[in-house]
Amino acid sequence: SSGINAEWPLRPGMTVFRQLNYPHVAPGPDRIRASQHTDYGVLTILAQDNVGGLQVKLPGQEWEDASTPQGCLLVNIGDMMQRWSNDSWRSTLHRVVKKESASQTDNRRQSMVFFVNPGKDVMIECIPDYQATGEEAKYSAIKAEEYVLAKHYSTIPSILASAGEK
């Protein structure tokens with residue numbers, strides 16, 4: 001038993017589908033196109049073109065290219081799954097770079113991303129099966145909507161600071 005209420009996927013969710021376009025960038029060394037981050041939801045399902053640039057970083061390791069064979073999808077664990085599993089499943093730190101080896105004439109990158117998220121009133125708390133006897137949950141319980149809003153609001157100081165620099 002997973003400990004997850006079987007009805008949660010049927011509630012209105014915050015799942016999002018996005019089509020991302022990274023425009024062509026001028027020649028030069030590796031350049032950051034999307035800074036390092038983890039996804040805040042449950043799972044992220046990604047279809048990407050063959051331009052490349054997605055990189056993942058596991059704890060204690062260097063950045064690695066995350067390419068997928070043509071016709072295949074890449075799946076990332078998100079922060080909510082990490083919280084549900086009490087860190088048994090870890091959210092994937094990743095970024096997007098423009099590789100120096102990418103085409104100098106057209107390195108535009110396209111991807112389609114499906115962010116799987118629960119309904120806004122679903123509690124994100126440790127599933128009992130992932131908590132050993134006597135072990136404390138590593139994260140306090142929070143509603144999915146509150147967690148998402150907190151993650152969004154945490155970026156505001158950097159947005160405001162960069163707007164003030166212009």
# chains A, B, ... in the order shown; residues from 1 in each chain; ligands from 1

call {"tool": "select_by_dssp", "arguments": {"residues": "region 38-158 of chain A", "states": "strand (DSSP E)", "output": "short mmCIF file (atom, residue, chain, number, x, y, z; two decimals) with N, CA, C and O atoms, in the first residue's frame"}}
result
data_model
loop_
_atom_site.label_atom_id
_atom_site.label_comp_id
_atom_site.auth_asym_id
_atom_site.auth_seq_id
_atom_site.Cartn_x
_atom_site.Cartn_y
_atom_site.Cartn_z
N LEU A 43 5.92 14.85 -10.48
CA LEU A 43 6.74 14.33 -11.57
C LEU A 43 6.77 15.34 -12.70
O LEU A 43 5.81 16.09 -12.89
N THR A 44 7.82 15.32 -13.47
CA THR A 44 7.91 16.11 -14.68
C THR A 44 8.22 15.15 -15.82
O THR A 44 9.17 14.37 -15.72
N ILE A 45 7.42 15.20 -16.86
CA ILE A 45 7.61 14.34 -18.03
C ILE A 45 8.04 15.26 -19.17
O ILE A 45 7.34 16.22 -19.50
N LEU A 46 9.17 14.97 -19.78
CA LEU A 46 9.78 15.87 -20.76
C LEU A 46 10.03 15.18 -22.09
O LEU A 46 10.61 14.09 -22.13
N ALA A 47 9.59 15.83 -23.16
CA ALA A 47 9.96 15.45 -24.52
C ALA A 47 10.85 16.57 -25.03
O ALA A 47 10.49 17.74 -24.95
N GLN A 48 12.03 16.23 -25.52
CA GLN A 48 12.96 17.26 -25.98
C GLN A 48 13.50 16.93 -27.36
O GLN A 48 13.51 15.78 -27.77
N LEU A 54 20.07 19.87 -21.73
CA LEU A 54 19.58 19.55 -20.41
C LEU A 54 20.66 18.79 -19.66
O LEU A 54 21.25 17.85 -20.20
N GLN A 55 20.93 19.22 -18.43
CA GLN A 55 21.92 18.55 -17.61
C GLN A 55 21.33 18.29 -16.22
O GLN A 55 20.51 19.07 -15.73
N VAL A 56 21.73 17.18 -15.61
CA VAL A 56 21.31 16.84 -14.26
C VAL A 56 22.54 16.73 -13.38
O VAL A 56 23.65 16.47 -13.86
N LYS A 57 22.33 16.94 -12.08
CA LYS A 57 23.43 16.85 -11.12
C LYS A 57 22.97 16.05 -9.92
O LYS A 57 22.06 16.46 -9.21
N GLU A 64 25.88 16.29 -15.64
CA GLU A 64 25.89 15.30 -16.72
C GLU A 64 24.82 15.65 -17.74
O GLU A 64 23.72 16.09 -17.36
N ASP A 65 25.11 15.44 -19.02
CA ASP A 65 24.10 15.65 -20.05
C ASP A 65 22.98 14.62 -19.87
O ASP A 65 23.24 13.46 -19.56
N LEU A 74 11.74 11.73 -20.86
CA LEU A 74 12.56 11.79 -19.66
C LEU A 74 11.62 12.12 -18.50
O LEU A 74 10.74 12.97 -18.64
N VAL A 75 11.78 11.44 -17.37
CA VAL A 75 10.93 11.68 -16.21
C VAL A 75 11.81 12.13 -15.04
O VAL A 75 12.78 11.46 -14.69
N ASN A 76 11.46 13.28 -14.45
CA ASN A 76 12.14 13.80 -13.27
C ASN A 76 11.23 13.65 -12.06
O ASN A 76 10.03 13.91 -12.15
N ILE A 77 11.82 13.31 -10.94
CA ILE A 77 11.09 13.33 -9.66
C ILE A 77 11.06 14.79 -9.20
O ILE A 77 12.05 15.51 -9.31
N LEU A 93 17.99 17.82 -9.43
CA LEU A 93 18.56 19.13 -9.71
C LEU A 93 18.97 19.14 -11.18
O LEU A 93 19.66 18.23 -11.65
N HIS A 94 18.52 20.15 -11.92
CA HIS A 94 18.83 20.20 -13.35
C HIS A 94 18.93 21.64 -13.83
O HIS A 94 18.54 22.58 -13.13
N ARG A 95 19.46 21.80 -15.03
CA ARG A 95 19.60 23.11 -15.69
C ARG A 95 19.61 22.88 -17.18
O ARG A 95 19.70 21.74 -17.65
N VAL A 96 19.54 23.96 -17.94
CA VAL A 96 19.66 23.88 -19.40
C VAL A 96 20.79 24.81 -19.81
O VAL A 96 20.83 25.98 -19.40
N VAL A 97 21.72 24.28 -20.61
CA VAL A 97 22.84 25.07 -21.11
C VAL A 97 22.86 25.02 -22.63
O VAL A 97 22.30 24.13 -23.25
N LYS A 98 23.50 26.00 -23.23
CA LYS A 98 23.80 25.96 -24.66
C LYS A 98 25.20 25.38 -24.74
O LYS A 98 26.16 25.95 -24.24
N ARG A 109 16.43 25.50 -29.10
CA ARG A 109 16.04 24.28 -28.40
C ARG A 109 14.55 24.30 -28.14
O ARG A 109 14.01 25.31 -27.72
N GLN A 110 13.89 23.18 -28.39
CA GLN A 110 12.45 23.04 -28.17
C GLN A 110 12.21 21.87 -27.22
O GLN A 110 12.87 20.83 -27.33
N SER A 111 11.26 22.06 -26.31
CA SER A 111 10.87 20.94 -25.46
C SER A 111 9.41 21.09 -25.07
O SER A 111 8.85 22.19 -25.10
N MET A 112 8.80 19.96 -24.73
CA MET A 112 7.43 19.94 -24.23
C MET A 112 7.49 19.30 -22.85
O MET A 112 8.10 18.24 -22.68
N VAL A 113 6.89 19.99 -21.87
CA VAL A 113 7.01 19.57 -20.49
C VAL A 113 5.63 19.42 -19.87
O VAL A 113 4.78 20.31 -19.99
N PHE A 114 5.42 18.30 -19.22
CA PHE A 114 4.17 18.02 -18.53
C PHE A 114 4.49 17.92 -17.04
O PHE A 114 5.15 16.98 -16.61
N PHE A 115 4.09 18.93 -16.28
CA PHE A 115 4.34 18.97 -14.84
C PHE A 115 3.14 18.33 -14.14
O PHE A 115 2.04 18.88 -14.16
N VAL A 116 3.34 17.17 -13.54
CA VAL A 116 2.26 16.44 -12.86
C VAL A 116 2.19 16.92 -11.41
O VAL A 116 3.15 16.77 -10.66
N MET A 123 -2.76 17.21 0.79
CA MET A 123 -1.69 17.39 1.77
C MET A 123 -0.41 16.72 1.28
O MET A 123 -0.43 15.57 0.84
N ILE A 124 0.66 17.46 1.35
CA ILE A 124 1.98 16.93 1.01
C ILE A 124 2.67 16.64 2.34
O ILE A 124 3.14 17.54 3.03
N ILE A 142 2.03 20.19 4.43
CA ILE A 142 1.61 21.45 3.81
C ILE A 142 0.66 21.11 2.65
O ILE A 142 0.85 20.08 1.98
N LYS A 143 -0.32 21.96 2.44
CA LYS A 143 -1.21 21.75 1.29
C LYS A 143 -0.43 22.04 0.01
O LYS A 143 0.42 22.94 -0.03
#

call {"tool": "select_by_dssp", "arguments": {"residues": "region 100-144 of chain A", "states": "helix (DSSP H, G or I)", "output": "PyMOL selection string"}}
result
chain A and resi 128-130+144

call {"tool": "atom_distance", "arguments": {"atom1": "CA of Lys120 (chain A)", "atom2": "CA of Ser88 (chain A)"}}
result
23.4 Å

call {"tool": "residues_around", "arguments": {"residues": "Met14 (chain A)", "least_positions_apart": "3", "cutoff": "7 Å", "atoms": "only C-alpha atoms", "output": "list of chain:residue names"}}
result
A:Asn117, A:Pro118, A:Gly119, A:Lys120

call {"tool": "closest_residue", "arguments": {"among": "A:Trp63, A:Ser140, A:Gly52, A:Val122", "to": "Lys99 (chain A)", "atoms": "only C-alpha atoms"}}
result
A:Gly52

call {"tool": "closest_residue", "arguments": {"among": "A:Arg83, A:Arg33, A:Arg90, A:Arg18", "to": "Ala141 (chain A)", "atoms": "only C-alpha atoms"}}
result
A:Arg83

call {"tool": "residues_around", "arguments": {"residues": "region 130-135 of chain A", "least_positions_apart": "4", "cutoff": "10 Å", "atoms": "only C-alpha atoms", "output": "list of chain:residue names"}}
result
A:Ser2, A:Gly3, A:Arg83, A:Trp84, A:Ser85, A:Asn86, A:Asp87, A:Ser88, A:Trp89, A:Cys126

call {"tool": "closest_residue", "arguments": {"among": "A:Val51, A:Leu149, A:Leu20, A:Ile127", "to": "Ser67 (chain A)", "atoms": "only C-alpha atoms"}}
result
A:Val51

call {"tool": "atom_distance", "arguments": {"atom1": "CA of Thr38 (chain A)", "atom2": "CA of Ser91 (chain A)"}}
result
6.2 Å

call {"tool": "atom_distance", "arguments": {"atom1": "CA of Thr92 (chain A)", "atom2": "CA of Tyr40 (chain A)"}}
result
10.1 Å

call {"tool": "closest_residue", "arguments": {"among": "A:Met81, A:Ala66, A:Gly53, A:Ile156", "to": "Ile32 (chain A)", "atoms": "only C-alpha atoms"}}
result
A:Gly53
